[in-house]
Structures are given as structure tokens and as C-alpha cells.
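**Q** Got a structure for you, questions after.
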Amino acid sequence: QVQLVESGGGSVQAGGSLRLSCAAFGYTYTNICMGWFRQAPGKEREGVAIIDSDGSTSYADSVKGRFTISQDNAKNTLYLQMNSLKSEDTAMYYCAAVDGGPVPLSQLLAAGTYNYWGQGIQVTVSS
């Protein structure tokens, strides 16, 4: 049974930073694609940052240059470093993963691509 457990969320003022962590249990970071999604109240879940099995990364335009995704294979942990946070970054953030082979580039940031999800963690940015 694959489990993803997020941590590191909280409240911060605009311009501040937070680092989210996602600990994975039940498998190792091989041949899988993992990433971060977020969902604000009344909005659809959107892809934020993805790291593929070959280490390549993809970001939503809204976070490019501010967020960085990384992983520590030895610790089975995924990270999201969030800098220069804005009020519009306020949302529930979810860790997600998909296995079973390469993900088409066009589907990397699509929530429907992923079959494993964490429980989510709140990030609140006040202006």
C-alpha cells in the first residue's frame, strides 16, 4: 500500500518562504513521477511542480522562478521549496505520484494522471 504524507505547511506573510515535504511509504522513487498540486476553495486542483523519473522537472507558469521541486531518494522524500510567496498561493497542497511508465509531457501537470495522493496540507499566505 502506497502512502504519501505531507508536512511543512502553515501560515506565512507575503514574500516569505515555506518548504513542504512528502514522505513516501510502500515504494521507492524508481520509475515513478511525483509532484505537488494545490487546490484553493472553489477552484479546481492544479498542478504546481512535477519531477519525473529521469529527474526532469516541470512547473506551472504561476510558480516558475519561485518554487523548486526536489527529491531525496535515500529518504524517500519529495520537497517543494516555496519562495516569494503570494496571497494567491494560499491553498491546500497535495503530494501525488503515478507509476507504470513514462507520463506524456502534456499530462504531467494534470491531476487525473496521478493515482496516489497524500491527505493534503494547508498553506496560507497573508498580505
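Just remember, in the C-alpha cells the first chain shown is A, the second B, etc., residues are 1-based per chain, and ligands are 1-based in the order shown.
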Give me the residues within 9 Å of Leu80 in chain A as an MDAnalysis selection string, counting only C-alpha atoms and dropping any in the same chain fewer than 2 places off.

**A** chainID A and resid 18:22 35:36 49 67:71 78 82

**Q** Atoms to include: N, CA and C atoms. Write the selected residues as a short mmCIF file (atom, residue, chain, number, x, y, z; two decimals), in the first residue's frame.

**A**
```
data_model
loop_
_atom_site.label_atom_id
_atom_site.label_comp_id
_atom_site.auth_asym_id
_atom_site.auth_seq_id
_atom_site.Cartn_x
_atom_site.Cartn_y
_atom_site.Cartn_z
N LEU A 18 8.33 28.84 2.56
CA LEU A 18 7.98 27.60 3.25
C LEU A 18 8.57 26.44 2.47
N ARG A 19 8.83 25.34 3.15
CA ARG A 19 9.25 24.13 2.47
C ARG A 19 8.31 22.99 2.86
N LEU A 20 7.69 22.42 1.85
CA LEU A 20 6.83 21.26 2.05
C LEU A 20 7.63 19.98 1.85
N SER A 21 7.29 18.97 2.62
CA SER A 21 7.90 17.65 2.47
C SER A 21 6.82 16.61 2.25
N CYS A 22 7.17 15.57 1.51
CA CYS A 22 6.24 14.46 1.29
C CYS A 22 7.02 13.17 1.48
N GLY A 35 4.81 14.72 -7.80
CA GLY A 35 4.67 16.15 -7.87
C GLY A 35 3.78 16.73 -6.80
N TRP A 36 3.60 18.01 -6.92
CA TRP A 36 2.77 18.79 -6.00
C TRP A 36 1.62 19.45 -6.74
N ALA A 49 4.17 21.62 -9.47
CA ALA A 49 5.53 21.22 -9.85
C ALA A 49 5.61 19.71 -9.90
N PHE A 67 9.23 28.60 -6.98
CA PHE A 67 9.14 27.29 -6.35
C PHE A 67 10.18 26.35 -6.97
N THR A 68 10.69 25.44 -6.14
CA THR A 68 11.63 24.44 -6.61
C THR A 68 11.25 23.07 -6.04
N ILE A 69 11.11 22.09 -6.93
CA ILE A 69 10.82 20.74 -6.52
C ILE A 69 12.10 19.92 -6.51
N SER A 70 12.23 19.05 -5.52
CA SER A 70 13.41 18.19 -5.44
C SER A 70 13.03 16.91 -4.69
N GLN A 71 13.92 15.94 -4.74
CA GLN A 71 13.66 14.70 -4.01
C GLN A 71 14.95 14.14 -3.45
N LEU A 78 9.99 13.79 -0.98
CA LEU A 78 9.85 14.82 -2.01
C LEU A 78 9.71 16.16 -1.32
N MET A 82 9.22 26.82 -1.47
CA MET A 82 8.38 27.90 -1.97
C MET A 82 8.92 29.23 -1.44
#
```

**Q** Quick check for you: according to DSSP on this backbone, which residues of chain A are classed as strand (DSSP E)? Reply as a short mmCIF file (atom, residue, chain, number, x, y, z; two decimals) with all heavy atoms, in the first residue's frame.

**A**
```
data_model
loop_
_atom_site.label_atom_id
_atom_site.label_comp_id
_atom_site.auth_asym_id
_atom_site.auth_seq_id
_atom_site.Cartn_x
_atom_site.Cartn_y
_atom_site.Cartn_z
N GLN A 3 1.67 5.05 0.53
CA GLN A 3 1.18 6.17 1.34
C GLN A 3 2.07 7.37 1.14
O GLN A 3 3.30 7.24 1.09
CB GLN A 3 1.16 5.79 2.82
CG GLN A 3 0.01 4.89 3.22
CD GLN A 3 -0.06 4.72 4.73
OE1 GLN A 3 0.94 4.41 5.36
NE2 GLN A 3 -1.22 4.92 5.31
N LEU A 4 1.45 8.53 1.01
CA LEU A 4 2.16 9.79 0.89
C LEU A 4 1.72 10.68 2.03
O LEU A 4 0.52 10.90 2.23
CB LEU A 4 1.84 10.45 -0.45
CG LEU A 4 2.12 9.63 -1.71
CD1 LEU A 4 1.62 10.36 -2.94
CD2 LEU A 4 3.61 9.33 -1.84
N VAL A 5 2.68 11.22 2.77
CA VAL A 5 2.37 12.03 3.95
C VAL A 5 3.08 13.37 3.84
O VAL A 5 4.32 13.42 3.84
CB VAL A 5 2.78 11.31 5.25
CG1 VAL A 5 2.42 12.18 6.45
CG2 VAL A 5 2.12 9.94 5.34
N GLU A 6 2.28 14.43 3.74
CA GLU A 6 2.84 15.78 3.61
C GLU A 6 3.10 16.41 4.97
O GLU A 6 2.42 16.08 5.95
CB GLU A 6 1.90 16.70 2.83
CG GLU A 6 1.53 16.24 1.44
CD GLU A 6 0.20 15.54 1.37
OE1 GLU A 6 -0.24 15.03 2.42
OE2 GLU A 6 -0.41 15.51 0.28
N SER A 7 4.06 17.32 5.01
CA SER A 7 4.33 18.10 6.21
C SER A 7 4.97 19.42 5.79
O SER A 7 5.40 19.57 4.65
CB SER A 7 5.25 17.34 7.17
OG SER A 7 6.50 17.08 6.56
N GLY A 10 1.69 25.71 6.68
CA GLY A 10 1.47 26.67 7.74
C GLY A 10 1.11 28.03 7.19
O GLY A 10 0.69 28.15 6.04
N SER A 11 1.28 29.03 8.02
CA SER A 11 0.94 30.40 7.65
C SER A 11 2.20 31.24 7.55
O SER A 11 3.11 31.10 8.37
CB SER A 11 0.00 31.01 8.69
OG SER A 11 -1.23 30.31 8.73
N VAL A 12 2.24 32.11 6.56
CA VAL A 12 3.41 32.96 6.35
C VAL A 12 2.94 34.26 5.71
O VAL A 12 1.89 34.29 5.05
CB VAL A 12 4.44 32.23 5.45
CG1 VAL A 12 3.89 32.00 4.06
CG2 VAL A 12 5.76 32.96 5.42
N GLN A 13 3.70 35.30 5.90
CA GLN A 13 3.37 36.58 5.26
C GLN A 13 3.86 36.58 3.82
O GLN A 13 4.81 35.86 3.46
CB GLN A 13 3.99 37.73 6.04
CG GLN A 13 3.32 37.98 7.39
CD GLN A 13 3.77 39.29 8.01
OE1 GLN A 13 4.89 39.74 7.80
NE2 GLN A 13 2.89 39.89 8.80
N LEU A 18 8.33 28.84 2.56
CA LEU A 18 7.98 27.60 3.25
C LEU A 18 8.57 26.44 2.47
O LEU A 18 8.74 26.55 1.24
CB LEU A 18 6.45 27.42 3.33
CG LEU A 18 5.67 28.20 4.38
CD1 LEU A 18 4.18 27.96 4.18
CD2 LEU A 18 6.08 27.81 5.80
N ARG A 19 8.83 25.34 3.15
CA ARG A 19 9.25 24.13 2.47
C ARG A 19 8.31 22.99 2.86
O ARG A 19 8.17 22.67 4.04
CB ARG A 19 10.68 23.74 2.80
CG ARG A 19 11.17 22.59 1.92
CD ARG A 19 12.62 22.22 2.14
NE ARG A 19 12.82 21.39 3.30
CZ ARG A 19 13.86 20.57 3.47
NH1 ARG A 19 14.79 20.49 2.52
NH2 ARG A 19 13.98 19.86 4.56
N LEU A 20 7.69 22.42 1.85
CA LEU A 20 6.83 21.26 2.05
C LEU A 20 7.63 19.98 1.85
O LEU A 20 8.53 19.94 1.00
CB LEU A 20 5.65 21.28 1.08
CG LEU A 20 4.76 22.51 1.12
CD1 LEU A 20 3.60 22.34 0.12
CD2 LEU A 20 4.24 22.80 2.50
N SER A 21 7.29 18.97 2.62
CA SER A 21 7.90 17.65 2.47
C SER A 21 6.82 16.61 2.25
O SER A 21 5.70 16.75 2.75
CB SER A 21 8.72 17.28 3.71
OG SER A 21 9.76 18.21 3.94
N CYS A 22 7.17 15.57 1.51
CA CYS A 22 6.24 14.46 1.29
C CYS A 22 7.02 13.17 1.48
O CYS A 22 7.91 12.84 0.68
CB CYS A 22 5.66 14.53 -0.12
SG CYS A 22 4.69 13.08 -0.59
N ALA A 23 6.71 12.46 2.53
CA ALA A 23 7.35 11.17 2.80
C ALA A 23 6.55 10.06 2.15
O ALA A 23 5.32 10.01 2.29
CB ALA A 23 7.46 10.94 4.29
N ALA A 24 7.24 9.20 1.42
CA ALA A 24 6.57 8.11 0.71
C ALA A 24 6.84 6.78 1.39
O ALA A 24 7.97 6.49 1.76
CB ALA A 24 7.06 8.05 -0.73
N PHE A 25 5.78 6.02 1.57
CA PHE A 25 5.89 4.70 2.19
C PHE A 25 5.28 3.68 1.25
O PHE A 25 4.26 3.91 0.62
CB PHE A 25 5.13 4.68 3.52
CG PHE A 25 5.60 5.72 4.49
CD1 PHE A 25 4.97 6.96 4.54
CD2 PHE A 25 6.65 5.48 5.34
CE1 PHE A 25 5.39 7.94 5.43
CE2 PHE A 25 7.07 6.45 6.24
CZ PHE A 25 6.45 7.68 6.29
N ILE A 32 8.86 6.30 -11.27
CA ILE A 32 7.61 6.97 -10.97
C ILE A 32 7.77 8.46 -11.18
O ILE A 32 8.88 8.99 -11.19
CB ILE A 32 7.12 6.72 -9.54
CG1 ILE A 32 8.08 7.33 -8.52
CG2 ILE A 32 6.92 5.24 -9.28
CD1 ILE A 32 7.52 7.38 -7.14
N CYS A 33 6.66 9.11 -11.34
CA CYS A 33 6.61 10.55 -11.49
C CYS A 33 5.89 11.10 -10.26
O CYS A 33 4.84 10.56 -9.86
CB CYS A 33 5.86 10.90 -12.76
SG CYS A 33 5.74 12.65 -13.11
N MET A 34 6.45 12.12 -9.65
CA MET A 34 5.84 12.66 -8.45
C MET A 34 5.72 14.17 -8.56
O MET A 34 6.46 14.81 -9.33
CB MET A 34 6.67 12.32 -7.23
CG MET A 34 6.79 10.83 -6.97
SD MET A 34 7.38 10.46 -5.34
CE MET A 34 6.00 10.99 -4.33
N GLY A 35 4.81 14.72 -7.80
CA GLY A 35 4.67 16.15 -7.87
C GLY A 35 3.78 16.73 -6.80
O GLY A 35 3.29 16.02 -5.91
N TRP A 36 3.60 18.01 -6.92
CA TRP A 36 2.77 18.79 -6.00
C TRP A 36 1.62 19.45 -6.74
O TRP A 36 1.83 20.01 -7.83
CB TRP A 36 3.61 19.87 -5.31
CG TRP A 36 4.63 19.32 -4.38
CD1 TRP A 36 5.95 19.05 -4.65
CD2 TRP A 36 4.44 18.96 -3.01
NE1 TRP A 36 6.58 18.54 -3.55
CE2 TRP A 36 5.67 18.47 -2.52
CE3 TRP A 36 3.34 19.00 -2.14
CZ2 TRP A 36 5.83 18.04 -1.21
CZ3 TRP A 36 3.51 18.55 -0.84
CH2 TRP A 36 4.74 18.09 -0.38
N PHE A 37 0.46 19.37 -6.13
CA PHE A 37 -0.73 20.01 -6.65
C PHE A 37 -1.30 20.91 -5.55
O PHE A 37 -0.94 20.77 -4.38
CB PHE A 37 -1.78 18.96 -7.05
CG PHE A 37 -1.41 18.21 -8.30
CD1 PHE A 37 -0.41 17.25 -8.28
CD2 PHE A 37 -2.03 18.47 -9.50
CE1 PHE A 37 -0.04 16.56 -9.43
CE2 PHE A 37 -1.68 17.79 -10.66
CZ PHE A 37 -0.69 16.85 -10.62
N ARG A 38 -2.18 21.80 -5.93
CA ARG A 38 -2.85 22.62 -4.93
C ARG A 38 -4.28 22.89 -5.34
O ARG A 38 -4.62 22.85 -6.52
CB ARG A 38 -2.10 23.94 -4.71
CG ARG A 38 -2.11 24.89 -5.89
CD ARG A 38 -1.21 26.08 -5.61
NE ARG A 38 -1.20 27.03 -6.73
CZ ARG A 38 -0.39 28.08 -6.79
NH1 ARG A 38 0.48 28.31 -5.82
NH2 ARG A 38 -0.45 28.90 -7.83
N GLN A 39 -5.08 23.15 -4.32
CA GLN A 39 -6.49 23.44 -4.58
C GLN A 39 -6.96 24.51 -3.61
O GLN A 39 -6.91 24.32 -2.39
CB GLN A 39 -7.34 22.18 -4.44
CG GLN A 39 -8.77 22.36 -4.88
CD GLN A 39 -9.50 21.05 -5.03
OE1 GLN A 39 -9.08 20.01 -4.52
NE2 GLN A 39 -10.60 21.06 -5.77
N GLU A 46 -4.89 22.06 -9.23
CA GLU A 46 -3.98 22.39 -10.31
C GLU A 46 -2.57 21.87 -10.01
O GLU A 46 -2.13 21.83 -8.85
CB GLU A 46 -3.92 23.90 -10.54
CG GLU A 46 -3.39 24.69 -9.37
CD GLU A 46 -3.19 26.17 -9.70
OE1 GLU A 46 -3.31 26.55 -10.87
OE2 GLU A 46 -2.89 26.92 -8.75
N GLY A 47 -1.88 21.50 -11.07
CA GLY A 47 -0.50 21.06 -10.92
C GLY A 47 0.42 22.23 -10.65
O GLY A 47 0.29 23.27 -11.29
N VAL A 48 1.33 22.06 -9.72
CA VAL A 48 2.26 23.12 -9.33
C VAL A 48 3.67 22.79 -9.82
O VAL A 48 4.31 23.61 -10.49
CB VAL A 48 2.28 23.30 -7.80
CG1 VAL A 48 3.35 24.30 -7.39
CG2 VAL A 48 0.91 23.74 -7.29
N ALA A 49 4.17 21.62 -9.47
CA ALA A 49 5.53 21.22 -9.85
C ALA A 49 5.61 19.71 -9.90
O ALA A 49 5.03 19.03 -9.06
CB ALA A 49 6.54 21.77 -8.85
N ILE A 50 6.34 19.22 -10.89
CA ILE A 50 6.47 17.78 -11.11
C ILE A 50 7.94 17.43 -11.28
O ILE A 50 8.70 18.19 -11.88
CB ILE A 50 5.71 17.36 -12.38
CG1 ILE A 50 4.24 17.78 -12.30
CG2 ILE A 50 5.84 15.86 -12.63
CD1 ILE A 50 3.49 17.15 -11.18
N ILE A 51 8.32 16.26 -10.77
CA ILE A 51 9.63 15.72 -11.06
C ILE A 51 9.45 14.30 -11.58
O ILE A 51 8.81 13.46 -10.93
CB ILE A 51 10.56 15.78 -9.81
CG1 ILE A 51 11.97 15.35 -10.17
CG2 ILE A 51 10.01 14.96 -8.65
CD1 ILE A 51 13.00 15.77 -9.13
N THR A 57 12.10 18.29 -14.48
CA THR A 57 11.06 18.99 -13.72
C THR A 57 10.17 19.83 -14.62
O THR A 57 10.59 20.28 -15.69
CB THR A 57 11.70 19.90 -12.65
OG1 THR A 57 12.57 20.83 -13.29
CG2 THR A 57 12.47 19.08 -11.62
N SER A 58 8.96 20.03 -14.16
CA SER A 58 8.01 20.90 -14.84
C SER A 58 7.30 21.75 -13.80
O SER A 58 7.02 21.27 -12.70
CB SER A 58 6.97 20.08 -15.62
OG SER A 58 7.58 19.30 -16.61
N TYR A 59 7.01 22.99 -14.16
CA TYR A 59 6.37 23.90 -13.23
C TYR A 59 5.19 24.62 -13.89
O TYR A 59 5.22 24.90 -15.09
CB TYR A 59 7.36 24.97 -12.74
CG TYR A 59 8.50 24.43 -11.92
CD1 TYR A 59 9.70 24.05 -12.51
CD2 TYR A 59 8.38 24.30 -10.54
CE1 TYR A 59 10.75 23.56 -11.76
CE2 TYR A 59 9.43 23.81 -9.78
CZ TYR A 59 10.60 23.44 -10.39
OH TYR A 59 11.64 22.96 -9.63
N PHE A 67 9.23 28.60 -6.98
CA PHE A 67 9.14 27.29 -6.35
C PHE A 67 10.18 26.35 -6.97
O PHE A 67 10.47 26.42 -8.16
CB PHE A 67 7.76 26.68 -6.57
CG PHE A 67 6.64 27.35 -5.82
CD1 PHE A 67 6.81 28.56 -5.17
CD2 PHE A 67 5.39 26.75 -5.77
CE1 PHE A 67 5.77 29.17 -4.49
CE2 PHE A 67 4.33 27.34 -5.09
CZ PHE A 67 4.53 28.56 -4.46
N THR A 68 10.69 25.44 -6.14
CA THR A 68 11.63 24.44 -6.61
C THR A 68 11.25 23.07 -6.04
O THR A 68 11.10 22.93 -4.83
CB THR A 68 13.07 24.76 -6.18
OG1 THR A 68 13.43 26.06 -6.67
CG2 THR A 68 14.04 23.74 -6.73
N ILE A 69 11.11 22.09 -6.93
CA ILE A 69 10.82 20.74 -6.52
C ILE A 69 12.10 19.92 -6.51
O ILE A 69 12.96 20.10 -7.37
CB ILE A 69 9.76 20.09 -7.43
CG1 ILE A 69 9.27 18.76 -6.86
CG2 ILE A 69 10.27 19.93 -8.85
CD1 ILE A 69 8.07 18.17 -7.59
N SER A 70 12.23 19.05 -5.52
CA SER A 70 13.41 18.19 -5.44
C SER A 70 13.03 16.91 -4.69
O SER A 70 11.97 16.83 -4.09
CB SER A 70 14.56 18.90 -4.74
OG SER A 70 14.21 19.22 -3.41
N GLN A 71 13.92 15.94 -4.74
CA GLN A 71 13.66 14.70 -4.01
C GLN A 71 14.95 14.14 -3.45
O GLN A 71 16.03 14.36 -3.98
CB GLN A 71 12.98 13.67 -4.92
CG GLN A 71 13.80 13.21 -6.10
CD GLN A 71 13.01 12.32 -7.05
OE1 GLN A 71 11.81 12.52 -7.26
NE2 GLN A 71 13.67 11.34 -7.62
N ASP A 72 14.81 13.44 -2.34
CA ASP A 72 15.92 12.76 -1.70
C ASP A 72 15.60 11.27 -1.76
O ASP A 72 14.77 10.78 -0.98
CB ASP A 72 16.08 13.23 -0.27
CG ASP A 72 17.29 12.63 0.44
OD1 ASP A 72 17.69 11.50 0.06
OD2 ASP A 72 17.83 13.28 1.33
N THR A 77 11.78 10.98 0.14
CA THR A 77 11.07 12.22 0.45
C THR A 77 11.13 13.18 -0.71
O THR A 77 12.17 13.36 -1.35
CB THR A 77 11.67 12.87 1.71
OG1 THR A 77 11.60 11.94 2.80
CG2 THR A 77 10.90 14.12 2.08
N LEU A 78 9.99 13.79 -0.98
CA LEU A 78 9.85 14.82 -2.01
C LEU A 78 9.71 16.16 -1.32
O LEU A 78 9.09 16.25 -0.26
CB LEU A 78 8.60 14.52 -2.85
CG LEU A 78 8.29 15.42 -4.03
CD1 LEU A 78 9.27 15.14 -5.17
CD2 LEU A 78 6.85 15.22 -4.49
N TYR A 79 10.27 17.19 -1.92
CA TYR A 79 10.22 18.52 -1.32
C TYR A 79 9.66 19.55 -2.30
O TYR A 79 9.75 19.38 -3.51
CB TYR A 79 11.63 18.98 -0.90
CG TYR A 79 12.31 18.07 0.08
CD1 TYR A 79 13.27 17.16 -0.36
CD2 TYR A 79 12.00 18.12 1.43
CE1 TYR A 79 13.90 16.32 0.54
CE2 TYR A 79 12.64 17.28 2.34
CZ TYR A 79 13.58 16.39 1.89
OH TYR A 79 14.20 15.56 2.78
N LEU A 80 9.13 20.62 -1.74
CA LEU A 80 8.74 21.78 -2.53
C LEU A 80 9.19 23.01 -1.76
O LEU A 80 8.62 23.33 -0.72
CB LEU A 80 7.24 21.83 -2.80
CG LEU A 80 6.79 22.99 -3.69
CD1 LEU A 80 7.30 22.79 -5.12
CD2 LEU A 80 5.27 23.12 -3.71
N GLN A 81 10.22 23.66 -2.25
CA GLN A 81 10.68 24.91 -1.65
C GLN A 81 9.91 26.05 -2.30
O GLN A 81 9.95 26.21 -3.52
CB GLN A 81 12.18 25.09 -1.88
CG GLN A 81 12.74 26.40 -1.33
CD GLN A 81 12.67 26.47 0.18
OE1 GLN A 81 12.97 25.50 0.88
NE2 GLN A 81 12.26 27.62 0.70
N MET A 82 9.22 26.82 -1.47
CA MET A 82 8.38 27.90 -1.97
C MET A 82 8.92 29.23 -1.44
O MET A 82 8.93 29.46 -0.23
CB MET A 82 6.93 27.70 -1.52
CG MET A 82 6.36 26.35 -1.92
SD MET A 82 4.61 26.17 -1.50
CE MET A 82 4.69 26.16 0.28
N ALA A 91 -3.63 27.81 -0.47
CA ALA A 91 -4.37 26.63 -0.95
C ALA A 91 -4.03 25.43 -0.08
O ALA A 91 -3.11 25.48 0.74
CB ALA A 91 -4.01 26.33 -2.40
N MET A 92 -4.76 24.35 -0.32
CA MET A 92 -4.38 23.05 0.22
C MET A 92 -3.42 22.44 -0.79
O MET A 92 -3.74 22.37 -1.98
CB MET A 92 -5.61 22.16 0.40
CG MET A 92 -5.32 20.85 1.10
SD MET A 92 -5.04 21.08 2.87
CE MET A 92 -6.73 21.31 3.42
N TYR A 93 -2.27 22.01 -0.31
CA TYR A 93 -1.26 21.43 -1.19
C TYR A 93 -1.23 19.91 -1.01
O TYR A 93 -1.26 19.41 0.12
CB TYR A 93 0.11 22.02 -0.88
CG TYR A 93 0.28 23.40 -1.46
CD1 TYR A 93 -0.40 24.49 -0.94
CD2 TYR A 93 1.11 23.61 -2.55
CE1 TYR A 93 -0.27 25.76 -1.48
CE2 TYR A 93 1.25 24.88 -3.11
CZ TYR A 93 0.56 25.95 -2.57
OH TYR A 93 0.70 27.20 -3.12
N TYR A 94 -1.15 19.22 -2.14
CA TYR A 94 -1.17 17.75 -2.14
C TYR A 94 0.05 17.20 -2.84
O TYR A 94 0.47 17.71 -3.89
CB TYR A 94 -2.40 17.23 -2.88
CG TYR A 94 -3.72 17.61 -2.26
CD1 TYR A 94 -4.35 18.80 -2.60
CD2 TYR A 94 -4.35 16.78 -1.33
CE1 TYR A 94 -5.57 19.16 -2.03
CE2 TYR A 94 -5.56 17.13 -0.76
CZ TYR A 94 -6.15 18.33 -1.12
OH TYR A 94 -7.36 18.67 -0.56
N CYS A 95 0.59 16.15 -2.27
CA CYS A 95 1.63 15.37 -2.91
C CYS A 95 0.96 14.26 -3.72
O CYS A 95 -0.05 13.69 -3.27
CB CYS A 95 2.53 14.77 -1.82
SG CYS A 95 3.83 13.69 -2.40
N ALA A 96 1.50 13.97 -4.89
CA ALA A 96 0.89 12.96 -5.74
C ALA A 96 1.96 12.15 -6.45
O ALA A 96 3.09 12.61 -6.63
CB ALA A 96 -0.04 13.61 -6.76
N ALA A 97 1.59 10.95 -6.85
CA ALA A 97 2.53 10.09 -7.56
C ALA A 97 1.79 9.20 -8.54
O ALA A 97 0.60 8.90 -8.37
CB ALA A 97 3.31 9.21 -6.57
N VAL A 98 2.51 8.80 -9.58
CA VAL A 98 1.96 7.85 -10.55
C VAL A 98 3.08 6.92 -10.98
O VAL A 98 4.21 7.35 -11.18
CB VAL A 98 1.33 8.57 -11.77
CG1 VAL A 98 2.34 9.44 -12.49
CG2 VAL A 98 0.70 7.56 -12.71
N ASP A 99 2.75 5.65 -11.09
CA ASP A 99 3.74 4.69 -11.58
C ASP A 99 3.23 4.06 -12.86
O ASP A 99 2.16 4.40 -13.34
CB ASP A 99 4.05 3.63 -10.50
CG ASP A 99 2.79 2.93 -10.00
OD1 ASP A 99 1.71 3.07 -10.62
OD2 ASP A 99 2.87 2.27 -8.96
N TYR A 116 -1.86 8.12 -6.83
CA TYR A 116 -1.61 8.12 -5.39
C TYR A 116 -1.60 9.56 -4.90
O TYR A 116 -0.97 10.43 -5.51
CB TYR A 116 -0.27 7.46 -5.07
CG TYR A 116 -0.17 6.03 -5.52
CD1 TYR A 116 0.70 5.66 -6.55
CD2 TYR A 116 -0.93 5.03 -4.93
CE1 TYR A 116 0.81 4.35 -6.97
CE2 TYR A 116 -0.82 3.71 -5.34
CZ TYR A 116 0.04 3.38 -6.35
OH TYR A 116 0.14 2.08 -6.77
N TRP A 117 -2.26 9.80 -3.76
CA TRP A 117 -2.39 11.15 -3.24
C TRP A 117 -2.16 11.17 -1.74
O TRP A 117 -2.55 10.24 -1.02
CB TRP A 117 -3.78 11.71 -3.53
CG TRP A 117 -4.01 11.96 -4.98
CD1 TRP A 117 -4.50 11.08 -5.91
CD2 TRP A 117 -3.75 13.18 -5.68
NE1 TRP A 117 -4.55 11.68 -7.14
CE2 TRP A 117 -4.10 12.98 -7.03
CE3 TRP A 117 -3.26 14.44 -5.30
CZ2 TRP A 117 -3.97 13.97 -8.00
CZ3 TRP A 117 -3.13 15.41 -6.26
CH2 TRP A 117 -3.48 15.18 -7.59
N ILE A 121 -2.09 19.42 2.82
CA ILE A 121 -1.62 20.26 3.90
C ILE A 121 -1.89 21.71 3.52
O ILE A 121 -1.71 22.11 2.37
CB ILE A 121 -0.13 20.01 4.20
CG1 ILE A 121 0.26 20.63 5.53
CG2 ILE A 121 0.77 20.47 3.07
CD1 ILE A 121 1.55 20.08 6.08
N GLN A 122 -2.32 22.50 4.51
CA GLN A 122 -2.73 23.87 4.23
C GLN A 122 -1.53 24.81 4.20
O GLN A 122 -0.66 24.75 5.08
CB GLN A 122 -3.73 24.35 5.28
CG GLN A 122 -4.24 25.76 5.07
CD GLN A 122 -5.09 25.91 3.83
OE1 GLN A 122 -5.86 25.02 3.48
NE2 GLN A 122 -4.96 27.04 3.15
N VAL A 123 -1.53 25.69 3.20
CA VAL A 123 -0.58 26.79 3.12
C VAL A 123 -1.39 28.07 3.03
O VAL A 123 -2.23 28.21 2.13
CB VAL A 123 0.36 26.66 1.91
CG1 VAL A 123 1.18 27.93 1.72
CG2 VAL A 123 1.27 25.45 2.07
N THR A 124 -1.14 29.00 3.95
CA THR A 124 -1.86 30.27 3.97
C THR A 124 -0.86 31.41 3.92
O THR A 124 0.04 31.49 4.76
CB THR A 124 -2.73 30.39 5.22
OG1 THR A 124 -3.65 29.29 5.27
CG2 THR A 124 -3.51 31.69 5.21
N VAL A 125 -1.03 32.28 2.94
CA VAL A 125 -0.14 33.43 2.76
C VAL A 125 -0.96 34.69 2.97
O VAL A 125 -1.92 34.93 2.24
CB VAL A 125 0.51 33.43 1.37
CG1 VAL A 125 1.50 34.59 1.26
CG2 VAL A 125 1.19 32.11 1.09
N SER A 126 -0.56 35.48 3.94
CA SER A 126 -1.30 36.69 4.24
C SER A 126 -0.55 37.90 3.67
O SER A 126 0.67 37.97 3.69
CB SER A 126 -1.46 36.86 5.76
OG SER A 126 -0.19 36.85 6.39
#
```

**Q** When distances are computed from only C-alpha atoms, which of A:Val63, A:Gly118, A:Leu85, A:Gly15 shows the smallest separation from Val2 in chain A?

**A** A:Gly118

**Q** Record the distance separating CA of Ala111 in chain A and CA of Gly55 in chain A, expressed in Å with one decimal.

**A** 19.4 Å

**Q** Rank nothing, just name the residue among A:Asp52, A:Arg66, A:Ser87, A:Glu44 nearest to Gln107 in chain A, using only C-alpha atoms.

**A**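 Checking each candidate against Gln107 in chain A, we get A:Asp52 as the closest.
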
**Q** Can you pull out every residue from chain A that DSSP, working from the backbone, puts in helix (DSSP H, G or I), and format the result as number ranges by chain?

**A** A: 61-63, 73-75, 87-89, 105-107, 111-113

**Q** Using N, CA and C atoms, can you export the residues from the last selection as a JSON list (two decimals), in the first residue's frame?

**A**
```
[["chain", "number", "residue", "atom", "x", "y", "z"],
["A", 61, "ASP", "N", 3.24, 27.91, -14.76],
["A", 61, "ASP", "CA", 3.78, 29.25, -15.06],
["A", 61, "ASP", "C", 3.70, 30.17, -13.84],
["A", 62, "SER", "N", 2.68, 30.00, -13.04],
["A", 62, "SER", "CA", 2.45, 30.90, -11.91],
["A", 62, "SER", "C", 3.51, 30.77, -10.81],
["A", 63, "VAL", "N", 4.28, 29.68, -10.82],
["A", 63, "VAL", "CA", 5.27, 29.48, -9.75],
["A", 63, "VAL", "C", 6.70, 29.42, -10.26],
["A", 73, "ASN", "N", 16.20, 10.57, -2.70],
["A", 73, "ASN", "CA", 15.88, 9.17, -2.88],
["A", 73, "ASN", "C", 16.24, 8.32, -1.66],
["A", 74, "ALA", "N", 17.31, 8.69, -0.99],
["A", 74, "ALA", "CA", 17.73, 7.92, 0.18],
["A", 74, "ALA", "C", 16.69, 7.99, 1.30],
["A", 75, "LYS", "N", 16.00, 9.13, 1.38],
["A", 75, "LYS", "CA", 15.00, 9.33, 2.44],
["A", 75, "LYS", "C", 13.58, 9.10, 1.95],
["A", 87, "SER", "N", -0.25, 35.93, -1.85],
["A", 87, "SER", "CA", -1.54, 35.55, -1.27],
["A", 87, "SER", "C", -2.26, 34.54, -2.16],
["A", 88, "GLU", "N", -2.04, 34.64, -3.48],
["A", 88, "GLU", "CA", -2.70, 33.70, -4.38],
["A", 88, "GLU", "C", -2.13, 32.29, -4.32],
["A", 89, "ASP", "N", -1.05, 32.10, -3.58],
["A", 89, "ASP", "CA", -0.52, 30.76, -3.37],
["A", 89, "ASP", "C", -1.26, 30.02, -2.25],
["A", 105, "LEU", "N", 4.32, 14.42, -21.78],
["A", 105, "LEU", "CA", 4.60, 15.78, -21.32],
["A", 105, "LEU", "C", 3.32, 16.58, -21.11],
["A", 106, "SER", "N", 2.37, 16.38, -21.99],
["A", 106, "SER", "CA", 1.12, 17.15, -21.92],
["A", 106, "SER", "C", 0.28, 16.78, -20.71],
["A", 107, "GLN", "N", 0.58, 15.66, -20.07],
["A", 107, "GLN", "CA", -0.22, 15.19, -18.93],
["A", 107, "GLN", "C", 0.48, 15.35, -17.59],
["A", 111, "ALA", "N", -4.10, 16.57, -12.89],
["A", 111, "ALA", "CA", -4.38, 15.80, -11.68],
["A", 111, "ALA", "C", -4.85, 14.38, -11.99],
["A", 112, "GLY", "N", -5.58, 14.21, -13.07],
["A", 112, "GLY", "CA", -6.11, 12.90, -13.42],
["A", 112, "GLY", "C", -5.06, 11.88, -13.77],
["A", 113, "THR", "N", -3.84, 12.33, -14.01],
["A", 113, "THR", "CA", -2.75, 11.42, -14.35],
["A", 113, "THR", "C", -2.30, 10.59, -13.15]]
```
